[in-house]
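Novice: After the structure tokens below, expect a handful of questions from me.
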Amino acid sequence: MKERLRISFLKYHGCGNDFLVIDELERERIPEEFRGKLAILLCKRRFGVGANAILYVLPSTYASAKMRVFPADGSEVDICGNGIRCVADYLCSRLERDEVLIDTNDGMKHVEKMNGLYKVTLGNLRTTKSGVGDLNLEIPANEKLLNRKMEFPNLGEVEISIVRAGEPHGVIFVDDVDKENLVKYGKAIAANRGIFPYGVHVNLVQVVDASTIKIRTYERGVWDETLACGTGATASAAVSYITGRVKEKGIKVKVKGGELIVNLVKDVLFLTGPAARVYEGTTTIDLESLSNVTIRP
């Protein structure tokens, strides 16, 4: 008889960026060796539940909980700006609080519930080679990567800012994001393992006015466009301000799935947006099928 794994989850989304949240606060439900493989199976649209990532909520010694993020390709990333708001919504409800501290692979993050939205303290924007990390460029570690001209296959020369706002991002300014072929940018830049060994998120940014930008994001781990990317919105807003393209430190970011707000306060980045619980579900998977799943590097 095949050994089977019964999995309970919550389906959440933040501006259309959707997740499966699995609570492991009281006990481990998914063995460590299967966490990434489960993401490949369950996140697959039309064949699985469908999501951009699985978010595991784990116990933490110093925080309300630990969040680990496994995107649809089975890899693990440091943080997810929309995902952490969804985990915060779950924890605030479960713990009956209006603020929580969440431990991530990018450090501790404070999240506060405000007027039905969630405000995340993401920290500082990192703009140097050493700050971004995992980057194959022959430049000094302390060199800034803002407004840098680089050549990419099938794109030619592109002016790009490479930064880290919890996750590594490439920010590219265009006249009209809706007229651009985002997948072409994604394949040339996000999946360019020669420069980015673990991939990079790519954001096309259109400046609307002095306090508003519009973006589209191609996410690593999903390897496609998503309806929203929280760290991408944060990186794009911060770069827009630092390079003088917007004038206000409170920036409205329009994404395909809605709207996010990014605030810069003394160089600290804050991301504010919604989190919506869609439904609860249970599924059963046999361990043999999980064992046969391959995570591609």
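Quick note on naming: the chains in the structure tokens go A, B, ... in the order shown, residues restart at 1 in each chain, and ligands are numbered from 1 in order of appearance.
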Please identify every residue of segment 64-173 of chain A that has at least one atom no farther than 9 Å from an atom of segment 19-42 of chain A, counting only C-alpha atoms, and for each give the shortest atom pair and the distance in Å to one decimal, arranged by chain then increasing number, as a tab-separated table.

Specialist:
```
residue	atom	partner	partner_atom	distance
A:Ala65	CA	A:Leu25	CA	7.5
A:Lys66	CA	A:Leu25	CA	8.8
A:Phe70	CA	A:Gly36	CA	5.9
A:Pro71	CA	A:Ala39	CA	6.5
A:Ala72	CA	A:Ile40	CA	5.1
A:Asp73	CA	A:Ile40	CA	5.5
A:Gly74	CA	A:Gly36	CA	3.9
A:Ser75	CA	A:Gly36	CA	5.9
A:Glu76	CA	A:Gly36	CA	7.2
A:Gly83	CA	A:Phe19	CA	6.9
A:Cys86	CA	A:Val21	CA	8.2
A:Val87	CA	A:Val21	CA	7.3
A:Tyr90	CA	A:Val21	CA	8.7
```

Novice: Mind checking which residues fall within 12 Å of Asn192 of chain A, counting only C-alpha atoms, ignoring those fewer than 4 positions away in the same chain, and posting them as a list in words?

Specialist: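 Returned residues: Leu135, Asn136, Glu151, Phe152, Pro153, Asn154, Gly170, Lys184, Tyr185, Gly186, Lys187, Ala188, Phe196, Pro197, Tyr198, Gly199, Val200, His201, Val202, Arg220 and Trp223 of chain A.
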
Novice: Can you write just those residues out, C-alpha atoms, as a short mmCIF file (atom, residue, chain, number, x, y, z; two decimals), in the first residue's frame?

Specialist:
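And here's result.cif as it stands now:
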```
data_model
loop_
_atom_site.label_atom_id
_atom_site.label_comp_id
_atom_site.auth_asym_id
_atom_site.auth_seq_id
_atom_site.Cartn_x
_atom_site.Cartn_y
_atom_site.Cartn_z
CA LEU A 135 26.12 38.22 -9.27
CA ASN A 136 28.80 37.37 -11.84
CA GLU A 151 24.27 43.87 -23.23
CA PHE A 152 21.83 40.96 -23.19
CA PRO A 153 21.12 38.33 -25.88
CA ASN A 154 18.18 39.22 -28.16
CA GLY A 170 16.52 44.25 -12.30
CA LYS A 184 11.50 38.50 -23.96
CA TYR A 185 13.13 40.54 -21.19
CA GLY A 186 12.60 37.69 -18.74
CA LYS A 187 14.26 35.08 -20.92
CA ALA A 188 17.19 37.33 -21.73
CA PHE A 196 22.65 35.70 -12.30
CA PRO A 197 23.45 32.14 -11.10
CA TYR A 198 20.08 31.84 -9.32
CA GLY A 199 18.10 34.09 -11.63
CA VAL A 200 16.75 37.57 -10.97
CA HIS A 201 13.34 39.24 -11.03
CA VAL A 202 12.87 41.68 -13.92
CA ARG A 220 12.30 34.07 -10.99
CA TRP A 223 9.63 32.10 -14.69
#
```

Novice: Just how far from atom CA of Gly281 of chain A is atom CA of Leu95 of chain A, in Å to one decimal?

Specialist: 20.9 Å

Novice: Work out how far apart atom CA of Ala88 of chain A and atom CA of Ser60 of chain A are and give it in Å to one decimal.

Specialist: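 Separation between atom CA of Ala88 of chain A and atom CA of Ser60 of chain A: 14.1 Å.
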
Novice: Determine the nearest neighbour of Gly116 of chain A from the options A:Ser130, A:Lys252, A:Asp98, A:Leu260, counting only C-alpha atoms.

Specialist: A:Asp98

Novice: May I have all residues of segment 218-249 of chain A that DSSP, computed from the backbone, assigns to alpha helix (DSSP H), given as a PyMOL selection string?

Specialist: chain A and resi 230-242

Novice: Out of segment 51-261 of chain A, which residues get strand (DSSP E) from DSSP, as an MDAnalysis selection string?

Specialist: chainID A and resid 53:58 65:71 99:104 107:114 117:124 148:152 156:164 168:173 201:209 212:219 224:226 250:255 258:261

Novice: Do you have the atom CA of Ile213 of chain A-atom CA of Asp134 of chain A distance handy?

Specialist: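 Spanning atom CA of Ile213 of chain A to atom CA of Asp134 of chain A is a straight-line distance of 27.8 Å.
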
Novice: Find the residue from A:Asp18, A:Met150, A:Asp106, A:Val222 that sits nearest to Ile189 of chain A; use only C-alpha atoms when measuring.

Specialist: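 Checking each of A:Asp18, A:Met150, A:Asp106, A:Val222 against Ile189 of chain A, counting only C-alpha atoms, the winner is A:Met150.
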